[in-house]
Amino acid sequence: SSGINAEYGGASYTPLTVDPLKVHLKIEDCHLPSSPTTVHPIDPSKIQVTVDSDKDWKVGEPVEIAVDITEAGPGQLGINLSAPPGSGTDCHAKEVSPGHMTVVFTPCSSGEHVVNLTYSDNNVPATPVVIKVVPRADVKAVVVSGDGIREGQ
């Protein structure tokens with residue numbers, strides 16, 4: 001869609017694809033400085049987010065979330081991790097290949113960890129992702145006793 005605001009001399013246009021667009025800005029048929037210019041639209045709804053959110057992730061084990069931005073246009077991925085109080089969990093993204101990122105964090109406490117993604121300051125519709133983190137079992141703390149129990153080999 002497009003529109004022109006006669007009062008302020010502004011214009012707007014909503015592109016249908018993420019293909020680069022050449023924009024010509026003119027006054028009285030004369031190009032303004034830096035016109036024409038190329039703009040690169042983005043579409044965060046084209047971002048695919050993949051994670052096993054039904055899995056019980058364990059404290060101290062890395063959580064990896066695959067993010068495919070290949071169809072979204074050029075932009076910046078933003079990450080916001082909400083973790084239980086006191087967890088101090090670091091969260092970052094690494095590029096696996098062009099257009100394919102992995103968001104990684106290692107939970108320091110159990111509970112729900114919520115990952116929200118933005119793309120060039122626009123919410124990614126496939127998020128938030130809720131990761132359920134459970135305490136890691138310490139098998140050294142397990143004591144087994146009773147009739148018929150004998151030491152293992």
# chains A, B, ... in the order shown; residues from 1 in each chain; ligands from 1

$ residues_around --residues "Asp68 of chain A" --least-positions-apart "2" --cutoff "6 Å" --atoms "only C-alpha atoms" --output "ChimeraX atom specification"
/A:47-48,70,99-100

$ closest_atom_pairs --of "segment 73-101 of chain A" --to "segment 116-120 of chain A" --cutoff "7 Å" --atoms "only C-alpha atoms" --output "Markdown table"
| residue | atom | partner | partner_atom | distance |
| --- | --- | --- | --- | --- |
| A:Gly75 | CA | A:Ser120 | CA | 5.3 |
| A:Gln76 | CA | A:Ser120 | CA | 4.8 |
| A:Leu77 | CA | A:Tyr119 | CA | 4.7 |
| A:Gly78 | CA | A:Thr118 | CA | 4.8 |
| A:Ile79 | CA | A:Leu117 | CA | 4.8 |
| A:Asn80 | CA | A:Asn116 | CA | 5.1 |
| A:Leu81 | CA | A:Asn116 | CA | 6.5 |

$ write_last_selection --atoms "N, CA and C atoms" --output "mmCIF file, in the first residue's frame"
data_model
loop_
_atom_site.group_PDB
_atom_site.id
_atom_site.type_symbol
_atom_site.label_atom_id
_atom_site.label_comp_id
_atom_site.auth_asym_id
_atom_site.auth_seq_id
_atom_site.Cartn_x
_atom_site.Cartn_y
_atom_site.Cartn_z
ATOM 1 N N GLY A 75 18.695 -7.805 8.245
ATOM 2 C CA GLY A 75 18.336 -7.162 9.509
ATOM 3 C C GLY A 75 19.195 -7.672 10.645
ATOM 4 N N GLN A 76 18.899 -7.203 11.836
ATOM 5 C CA GLN A 76 19.628 -7.581 13.046
ATOM 6 C C GLN A 76 18.727 -8.401 13.959
ATOM 7 N N LEU A 77 19.238 -9.535 14.440
ATOM 8 C CA LEU A 77 18.506 -10.378 15.374
ATOM 9 C C LEU A 77 18.753 -9.878 16.791
ATOM 10 N N GLY A 78 17.680 -9.654 17.532
ATOM 11 C CA GLY A 78 17.771 -9.251 18.927
ATOM 12 C C GLY A 78 17.231 -10.361 19.815
ATOM 13 N N ILE A 79 17.823 -10.535 20.987
ATOM 14 C CA ILE A 79 17.436 -11.613 21.899
ATOM 15 C C ILE A 79 17.150 -11.033 23.268
ATOM 16 N N ASN A 80 16.039 -11.479 23.866
ATOM 17 C CA ASN A 80 15.716 -11.124 25.233
ATOM 18 C C ASN A 80 15.373 -12.412 25.962
ATOM 19 N N LEU A 81 16.142 -12.739 26.993
ATOM 20 C CA LEU A 81 15.920 -13.950 27.785
ATOM 21 C C LEU A 81 15.399 -13.555 29.154
#

$ select_by_dssp --residues "segment 67-103 of chain A" --states "strand (DSSP E or B)" --output "PDB file with N, CA, C and O atoms, in the first residue's frame"
ATOM      1  N   VAL A  67      17.442 -20.619  14.304  1.00  0.00           N
ATOM      2  CA  VAL A  67      16.709 -19.481  13.748  1.00  0.00           C
ATOM      3  C   VAL A  67      17.121 -19.321  12.283  1.00  0.00           C
ATOM      4  O   VAL A  67      18.296 -19.120  11.984  1.00  0.00           O
ATOM      5  N   ASP A  68      16.133 -19.417  11.390  1.00  0.00           N
ATOM      6  CA  ASP A  68      16.364 -19.273   9.955  1.00  0.00           C
ATOM      7  C   ASP A  68      15.824 -17.914   9.518  1.00  0.00           C
ATOM      8  O   ASP A  68      14.619 -17.683   9.545  1.00  0.00           O
ATOM      9  N   LEU A  77      19.238  -9.535  14.440  1.00  0.00           N
ATOM     10  CA  LEU A  77      18.506 -10.378  15.374  1.00  0.00           C
ATOM     11  C   LEU A  77      18.753  -9.878  16.791  1.00  0.00           C
ATOM     12  O   LEU A  77      19.898  -9.682  17.196  1.00  0.00           O
ATOM     13  N   GLY A  78      17.680  -9.654  17.532  1.00  0.00           N
ATOM     14  CA  GLY A  78      17.771  -9.251  18.927  1.00  0.00           C
ATOM     15  C   GLY A  78      17.231 -10.361  19.815  1.00  0.00           C
ATOM     16  O   GLY A  78      16.293 -11.065  19.435  1.00  0.00           O
ATOM     17  N   ILE A  79      17.823 -10.535  20.987  1.00  0.00           N
ATOM     18  CA  ILE A  79      17.436 -11.613  21.899  1.00  0.00           C
ATOM     19  C   ILE A  79      17.150 -11.033  23.268  1.00  0.00           C
ATOM     20  O   ILE A  79      17.920 -10.220  23.784  1.00  0.00           O
ATOM     21  N   ASN A  80      16.039 -11.479  23.866  1.00  0.00           N
ATOM     22  CA  ASN A  80      15.716 -11.124  25.233  1.00  0.00           C
ATOM     23  C   ASN A  80      15.373 -12.412  25.962  1.00  0.00           C
ATOM     24  O   ASN A  80      14.444 -13.111  25.579  1.00  0.00           O
ATOM     25  N   LEU A  81      16.142 -12.739  26.993  1.00  0.00           N
ATOM     26  CA  LEU A  81      15.920 -13.950  27.785  1.00  0.00           C
ATOM     27  C   LEU A  81      15.399 -13.555  29.154  1.00  0.00           C
ATOM     28  O   LEU A  81      16.033 -12.780  29.866  1.00  0.00           O
ATOM     29  N   SER A  82      14.231 -14.086  29.501  1.00  0.00           N
ATOM     30  CA  SER A  82      13.691 -13.905  30.852  1.00  0.00           C
ATOM     31  C   SER A  82      13.884 -15.215  31.587  1.00  0.00           C
ATOM     32  O   SER A  82      13.340 -16.243  31.188  1.00  0.00           O
ATOM     33  N   CYS A  91      23.066 -15.280  27.188  1.00  0.00           N
ATOM     34  CA  CYS A  91      22.378 -15.732  25.989  1.00  0.00           C
ATOM     35  C   CYS A  91      22.968 -14.995  24.798  1.00  0.00           C
ATOM     36  O   CYS A  91      23.131 -13.778  24.839  1.00  0.00           O
ATOM     37  N   HIS A  92      23.316 -15.733  23.749  1.00  0.00           N
ATOM     38  CA  HIS A  92      23.886 -15.093  22.563  1.00  0.00           C
ATOM     39  C   HIS A  92      23.504 -15.871  21.307  1.00  0.00           C
ATOM     40  O   HIS A  92      23.027 -17.006  21.390  1.00  0.00           O
ATOM     41  N   ALA A  93      23.715 -15.253  20.164  1.00  0.00           N
ATOM     42  CA  ALA A  93      23.445 -15.902  18.881  1.00  0.00           C
ATOM     43  C   ALA A  93      24.765 -16.084  18.149  1.00  0.00           C
ATOM     44  O   ALA A  93      25.664 -15.250  18.243  1.00  0.00           O
ATOM     45  N   LYS A  94      24.864 -17.192  17.440  1.00  0.00           N
ATOM     46  CA  LYS A  94      26.035 -17.402  16.595  1.00  0.00           C
ATOM     47  C   LYS A  94      25.547 -17.793  15.200  1.00  0.00           C
ATOM     48  O   LYS A  94      24.520 -18.463  15.058  1.00  0.00           O
ATOM     49  N   GLU A  95      26.278 -17.319  14.197  1.00  0.00           N
ATOM     50  CA  GLU A  95      25.903 -17.640  12.823  1.00  0.00           C
ATOM     51  C   GLU A  95      26.483 -18.998  12.461  1.00  0.00           C
ATOM     52  O   GLU A  95      27.680 -19.233  12.586  1.00  0.00           O
ATOM     53  N   VAL A  96      25.610 -19.904  12.023  1.00  0.00           N
ATOM     54  CA  VAL A  96      26.017 -21.249  11.629  1.00  0.00           C
ATOM     55  C   VAL A  96      26.403 -21.248  10.152  1.00  0.00           C
ATOM     56  O   VAL A  96      27.396 -21.844   9.757  1.00  0.00           O
ATOM     57  N   SER A  97      25.600 -20.576   9.352  1.00  0.00           N
ATOM     58  CA  SER A  97      25.847 -20.367   7.923  1.00  0.00           C
ATOM     59  C   SER A  97      25.045 -19.131   7.532  1.00  0.00           C
ATOM     60  O   SER A  97      24.207 -18.669   8.311  1.00  0.00           O
ATOM     61  N   HIS A 100      21.415 -18.511   8.754  1.00  0.00           N
ATOM     62  CA  HIS A 100      21.062 -19.518   9.765  1.00  0.00           C
ATOM     63  C   HIS A 100      21.829 -19.229  11.050  1.00  0.00           C
ATOM     64  O   HIS A 100      23.055 -19.241  11.057  1.00  0.00           O
ATOM     65  N   MET A 101      21.078 -18.961  12.111  1.00  0.00           N
ATOM     66  CA  MET A 101      21.663 -18.617  13.404  1.00  0.00           C
ATOM     67  C   MET A 101      21.267 -19.671  14.441  1.00  0.00           C
ATOM     68  O   MET A 101      20.265 -20.365  14.268  1.00  0.00           O
ATOM     69  N   THR A 102      22.047 -19.745  15.493  1.00  0.00           N
ATOM     70  CA  THR A 102      21.685 -20.563  16.645  1.00  0.00           C
ATOM     71  C   THR A 102      21.751 -19.664  17.874  1.00  0.00           C
ATOM     72  O   THR A 102      22.775 -19.027  18.129  1.00  0.00           O
ATOM     73  N   VAL A 103      20.635 -19.590  18.603  1.00  0.00           N
ATOM     74  CA  VAL A 103      20.596 -18.867  19.875  1.00  0.00           C
ATOM     75  C   VAL A 103      20.960 -19.885  20.946  1.00  0.00           C
ATOM     76  O   VAL A 103      20.378 -20.972  20.999  1.00  0.00           O
TER      77      VAL A 103
END

$ closest_atom_pairs --of "segment 53-76 of chain A" --to "segment 15-34 of chain A" --cutoff "10 Å" --atoms "only C-alpha atoms" --output "Markdown table"
| residue | atom | partner | partner_atom | distance |
| --- | --- | --- | --- | --- |
| A:Glu71 | CA | A:Val18 | CA | 7.7 |
| A:Ala72 | CA | A:Val18 | CA | 6.7 |
| A:Gly73 | CA | A:Val18 | CA | 5.3 |
| A:Pro74 | CA | A:Val18 | CA | 8.5 |

$ write_last_selection --atoms "N, CA and C atoms" --output "PDB file, in the first residue's frame"
ATOM      1  N   GLU A  71      14.661 -15.821   4.617  1.00  0.00           N
ATOM      2  CA  GLU A  71      13.558 -15.239   3.853  1.00  0.00           C
ATOM      3  C   GLU A  71      13.078 -13.904   4.420  1.00  0.00           C
ATOM      4  N   ALA A  72      13.713 -13.418   5.478  1.00  0.00           N
ATOM      5  CA  ALA A  72      13.222 -12.230   6.186  1.00  0.00           C
ATOM      6  C   ALA A  72      13.808 -10.918   5.688  1.00  0.00           C
ATOM      7  N   GLY A  73      14.807 -10.969   4.816  1.00  0.00           N
ATOM      8  CA  GLY A  73      15.475  -9.744   4.386  1.00  0.00           C
ATOM      9  C   GLY A  73      16.609  -9.419   5.345  1.00  0.00           C
ATOM     10  N   PRO A  74      17.445  -8.429   4.984  1.00  0.00           N
ATOM     11  CA  PRO A  74      18.601  -8.098   5.827  1.00  0.00           C
ATOM     12  C   PRO A  74      18.173  -7.361   7.100  1.00  0.00           C
TER      13      PRO A  74
END

$ closest_residue --among "A:Ile65, A:Ile42, A:Val104, A:Val51" --to "Asn123 of chain A" --atoms "only C-alpha atoms"
A:Ile42

$ atom_distance --atom1 "atom CA of Ala83 of chain A" --atom2 "atom CA of Asp54 of chain A"
17.3 Å

$ closest_residue --among "A:Val63, A:His113, A:Asp43, A:Ile69" --to "Pro85 of chain A" --atoms "only C-alpha atoms"
A:His113

$ residues_around --residues "Val130 of chain A" --least-positions-apart "5" --cutoff "8 Å" --atoms "only C-alpha atoms" --output "PyMOL selection string"
chain A and resi 53+112-115

$ atom_distance --atom1 "atom CA of Ser109 of chain A" --atom2 "atom CA of Lys55 of chain A"
15.9 Å

$ atom_distance --atom1 "atom CA of Asn122 of chain A" --atom2 "atom CA of Phe105 of chain A"
21.8 Å

$ closest_residue --among "A:Glu61, A:Ser87, A:Thr14, A:Val124" --to "Val39 of chain A" --atoms "only C-alpha atoms"
A:Thr14

$ closest_residue --among "A:Pro98, A:Pro128, A:Gly111, A:Gly60" --to "Pro84 of chain A" --atoms "only C-alpha atoms"
A:Gly111
